[in-house]
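> Input start-v7.txt, format and content: compact mmCIF, C-alpha atoms.
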```txt
# COMPACT_ATOMS: atom_id res chain seq x y z
CA MET A 1 8.48 40.82 16.61
CA SER A 2 7.06 37.44 15.60
CA GLU A 3 9.11 34.61 14.17
CA PRO A 4 8.64 33.84 10.47
CA LEU A 5 6.36 30.91 9.75
CA LYS A 6 8.15 27.63 9.21
CA PRO A 7 7.80 26.14 5.75
CA VAL A 8 5.62 23.04 5.60
CA ALA A 9 6.41 19.87 3.65
CA LEU A 10 4.06 17.02 2.81
CA VAL A 11 5.98 13.79 2.26
CA VAL A 12 4.10 10.76 0.93
CA GLU A 13 6.49 7.80 1.11
CA ASP A 14 5.78 4.17 2.00
CA ASP A 15 9.41 3.10 2.55
CA GLU A 16 10.00 3.65 6.26
CA HIS A 17 13.75 4.26 5.94
CA ILE A 18 13.39 6.81 3.14
CA ALA A 19 10.51 8.50 5.00
CA HIS A 20 12.66 8.91 8.13
CA LEU A 21 15.59 10.21 6.08
CA LEU A 22 13.39 12.78 4.34
CA ARG A 23 11.84 13.88 7.63
CA PHE A 24 15.31 14.26 9.21
CA MET A 25 16.65 16.23 6.24
CA LEU A 26 13.66 18.54 6.03
CA GLU A 27 13.43 19.17 9.76
CA ARG A 28 17.12 20.16 9.75
CA GLU A 29 16.14 22.72 7.09
CA LYS A 30 13.47 24.05 9.51
CA TYR A 31 10.44 22.50 7.78
CA THR A 32 7.40 21.26 9.60
CA VAL A 33 6.97 17.79 8.06
CA HIS A 34 3.70 15.94 7.56
CA LEU A 35 4.35 12.32 6.65
CA ALA A 36 1.81 10.12 4.90
CA ARG A 37 2.66 6.41 4.64
CA ASP A 38 0.49 5.58 1.61
CA GLY A 39 -1.58 7.16 -1.12
CA ARG A 40 -4.81 7.19 0.89
CA GLU A 41 -3.16 9.17 3.70
CA GLY A 42 -1.71 11.55 1.11
CA GLN A 43 -5.11 11.96 -0.53
CA ALA A 44 -6.74 12.69 2.85
CA PHE A 45 -4.12 15.37 3.57
CA ILE A 46 -4.64 17.00 0.17
CA GLN A 47 -8.39 17.10 0.66
CA SER A 48 -8.45 18.33 4.27
CA GLN A 49 -5.30 20.27 5.20
CA PRO A 50 -3.89 23.70 4.37
CA VAL A 51 -1.64 23.92 1.32
CA PRO A 52 1.98 23.10 2.24
CA THR A 53 5.07 24.93 1.02
CA ILE A 54 6.31 21.88 -0.91
CA VAL A 55 5.23 18.30 -1.61
CA LEU A 56 7.30 15.15 -2.14
CA PHE A 57 5.49 12.13 -3.58
CA ASP A 58 6.79 8.64 -4.11
CA VAL A 59 5.37 7.25 -7.35
CA MET A 60 4.78 3.63 -6.34
CA LEU A 61 2.47 3.84 -3.33
CA PRO A 62 -0.18 1.54 -1.91
CA PHE A 63 -3.84 2.40 -2.70
CA VAL A 64 -3.31 5.66 -4.65
CA ASP A 65 -0.13 6.12 -6.69
CA GLY A 66 1.92 9.30 -6.95
CA PHE A 67 0.67 10.10 -10.46
CA GLU A 68 -2.91 10.20 -9.18
CA LEU A 69 -1.87 12.25 -6.12
CA VAL A 70 -0.40 14.90 -8.41
CA ARG A 71 -3.66 15.09 -10.36
CA LEU A 72 -5.67 15.29 -7.12
CA ALA A 73 -3.43 18.01 -5.72
CA ARG A 74 -3.57 20.12 -8.88
CA ALA A 75 -7.38 19.91 -8.85
CA GLN A 76 -7.62 21.27 -5.28
CA PRO A 77 -8.07 25.02 -4.83
CA GLY A 78 -4.79 26.59 -3.72
CA TRP A 79 -2.69 23.57 -4.74
CA GLU A 80 -2.28 24.62 -8.38
CA THR A 81 1.18 26.16 -7.89
CA VAL A 82 2.65 24.31 -4.92
CA PRO A 83 5.95 22.67 -5.98
CA VAL A 84 5.49 18.90 -6.32
CA VAL A 85 8.63 16.76 -6.46
CA MET A 86 8.34 13.11 -7.42
CA LEU A 87 10.85 10.73 -5.82
CA THR A 88 11.00 7.35 -7.47
CA ALA A 89 13.03 4.44 -8.70
CA LYS A 90 11.02 4.43 -11.95
CA THR A 91 13.55 5.49 -14.58
CA GLN A 92 11.56 5.01 -17.78
CA GLU A 93 11.09 8.14 -19.88
CA ARG A 94 7.34 7.44 -20.12
CA ASP A 95 7.05 7.58 -16.30
CA ILE A 96 8.94 10.86 -16.11
CA VAL A 97 6.79 12.36 -18.87
CA ARG A 98 3.61 11.04 -17.23
CA ALA A 99 4.55 12.68 -13.90
CA LEU A 100 5.47 16.00 -15.49
CA ASP A 101 2.34 15.99 -17.65
CA ALA A 102 0.23 15.30 -14.53
CA GLY A 103 1.62 18.47 -12.97
CA ALA A 104 4.80 17.49 -11.14
CA THR A 105 7.37 20.27 -10.85
CA ASP A 106 10.38 17.94 -10.75
CA TYR A 107 11.24 14.23 -10.89
CA ILE A 108 14.14 12.87 -8.85
CA LEU A 109 15.40 9.32 -9.14
CA LYS A 110 16.11 7.10 -6.13
CA PRO A 111 18.60 6.65 -4.73
CA PHE A 112 18.86 10.44 -4.50
CA GLN A 113 21.71 12.57 -3.23
CA PRO A 114 20.51 14.45 -0.11
CA ASN A 115 22.30 17.71 -0.86
CA GLU A 116 21.06 17.74 -4.46
CA LEU A 117 17.50 17.15 -3.28
CA LEU A 118 17.75 20.00 -0.77
CA ALA A 119 19.21 22.31 -3.42
CA ARG A 120 16.29 21.53 -5.73
CA LEU A 121 13.80 22.19 -2.93
CA ARG A 122 15.46 25.52 -2.14
CA ARG A 123 15.14 26.48 -5.79
CA PHE A 124 11.37 25.90 -5.66
CA THR A 125 10.76 27.55 -2.30
CA ARG A 126 12.97 30.62 -2.65
CA PRO A 127 10.96 33.83 -2.34
CA ARG A 128 10.25 35.48 -5.69
CA PRO A 129 11.33 39.13 -6.16
```
Please rewrite the model in this file as structure tokens.


Amino acid sequence: MSEPLKPVALVVEDDEHIAHLLRFMLEREKYTVHLARDGREGQAFIQSQPVPTIVLFDVMLPFVDGFELVRLARAQPGWETVPVVMLTAKTQERDIVRALDAGATDYILKPFQPNELLARLRRFTRPRP
């Protein structure tokens, strides 16, 4: 009997401390984590790697911002329905609306509560009946 495949998370976060925290949290939840440190690395992953189980994008990233990454992801075959969670300190309604209109599934403000974030991710990755 083979083991079930581990879920895969793409995390695009330029803050080293937050990136390490997210990796630690997700690996404890049995995710394989791919970490991109800026928007260009995130864009390269989207264009060249298999579709992950879930994606977490910071909004304010060097080179390519999180809004553009959402648009790029949604335009890639197979990425149309992957849950995309935006993590950001941008609290303006226009930024939240912009992210959701671009195709984000959820928008979580920093600083985030780890257990709340994990609960939201479970909601998006739970198998459908």

> Excluding Thr125 (chain A) and its own-chain neighbours fewer than 6 positions away, which residues fall within 8 Å of it when counting only C-alpha atoms? Please give them as an MDAnalysis selection string.

chainID A and resid 53:54 83

> Between A:Ala119, A:Ile96, A:Ala102, A:Met25, which one has atoms that come closest to Val70 (chain A), using all atoms listed in the file?

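Nearest to Val70 (chain A): A:Ala102.
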
> Counting all atoms listed in the file, what is within 12 Å of Glu29 (chain A), bar same-chain residues fewer than 6 positions away, as a list of chain:residue names?

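So, after excluding close chain neighbours, the residues are A:Lys6, A:Pro7, A:Val8, A:Ala9, A:Leu22, A:Arg23, A:Pro114, A:Asn115, A:Leu117, A:Leu118, A:Ala119, A:Leu121, A:Arg122, A:Thr125.
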
> Give me, please, the distance in Å between CA of Pro62 (chain A) and CA of Glu16 (chain A), quoted to one decimal.

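Separating CA of Pro62 (chain A) from CA of Glu16 (chain A) is a distance of 13.2 Å.
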
> Grab all the atoms of region 95-108 of chain A that the file lists, wrap them in a box along x, y and z, add 5 Å per side, and give me centre plus edge lengths in Å (one decimal) as AutoDock Vina command-line options.


```
--center_x 7.2 --center_y 13.9 --center_z -13.9 --size_x 23.9 --size_y 22.7 --size_z 20.0
```

> Between A:Ala89, A:Ala36, A:Leu69, A:Val82, which is the closest to Val55 (chain A) once you count all atoms listed in the file?

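Checking each of A:Ala89, A:Ala36, A:Leu69, A:Val82 against Val55 (chain A), counting all atoms listed in the file, the winner is A:Val82.
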
> Which residue is closest to Arg74 (chain A)? Choose from A:Val11, A:Gly103, A:Glu93, A:Glu116 and count only C-alpha atoms.

A:Gly103

> List every protein, DNA or RNA residue that has an atom no more than 6 Å from (-3.4, 22.1, -0.7) in the file's coordinate frame, counting all atoms listed in the file, and report them as an NGL selection string.

:A and (46 or 50-51 or 78-79)

> Kindly reconstruct region 92-106 of chain A with N, CA and C atoms and present the result as a short mmCIF file (atom, residue, chain, number, x, y, z; two decimals), keeping the file's coordinate frame.


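The resulting part_13.cif:
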```
data_model
loop_
_atom_site.label_atom_id
_atom_site.label_comp_id
_atom_site.auth_asym_id
_atom_site.auth_seq_id
_atom_site.Cartn_x
_atom_site.Cartn_y
_atom_site.Cartn_z
N GLN A 92 12.01 4.99 -16.39
CA GLN A 92 11.56 5.01 -17.78
C GLN A 92 11.11 6.42 -18.18
N GLU A 93 11.48 6.82 -19.39
CA GLU A 93 11.09 8.14 -19.88
C GLU A 93 9.58 8.34 -19.80
N ARG A 94 8.81 7.30 -20.13
CA ARG A 94 7.34 7.44 -20.12
C ARG A 94 6.82 7.78 -18.72
N ASP A 95 7.48 7.26 -17.67
CA ASP A 95 7.05 7.58 -16.30
C ASP A 95 7.38 9.02 -15.95
N ILE A 96 8.55 9.48 -16.37
CA ILE A 96 8.94 10.86 -16.11
C ILE A 96 7.99 11.81 -16.82
N VAL A 97 7.71 11.53 -18.09
CA VAL A 97 6.79 12.36 -18.87
C VAL A 97 5.40 12.33 -18.26
N ARG A 98 4.95 11.17 -17.84
CA ARG A 98 3.61 11.04 -17.23
C ARG A 98 3.52 11.91 -15.97
N ALA A 99 4.55 11.89 -15.14
CA ALA A 99 4.55 12.68 -13.90
C ALA A 99 4.54 14.18 -14.21
N LEU A 100 5.40 14.59 -15.13
CA LEU A 100 5.47 16.00 -15.49
C LEU A 100 4.18 16.47 -16.15
N ASP A 101 3.60 15.64 -17.01
CA ASP A 101 2.34 15.99 -17.65
C ASP A 101 1.19 16.07 -16.64
N ALA A 102 1.27 15.27 -15.57
CA ALA A 102 0.23 15.30 -14.53
C ALA A 102 0.34 16.55 -13.67
N GLY A 103 1.48 17.25 -13.74
CA GLY A 103 1.62 18.47 -12.97
C GLY A 103 2.79 18.51 -12.01
N ALA A 104 3.63 17.47 -12.01
CA ALA A 104 4.80 17.49 -11.14
C ALA A 104 5.75 18.60 -11.56
N THR A 105 6.41 19.20 -10.59
CA THR A 105 7.37 20.27 -10.85
C THR A 105 8.74 19.71 -11.17
N ASP A 106 9.08 18.56 -10.54
CA ASP A 106 10.38 17.94 -10.75
C ASP A 106 10.25 16.45 -10.51
#
```
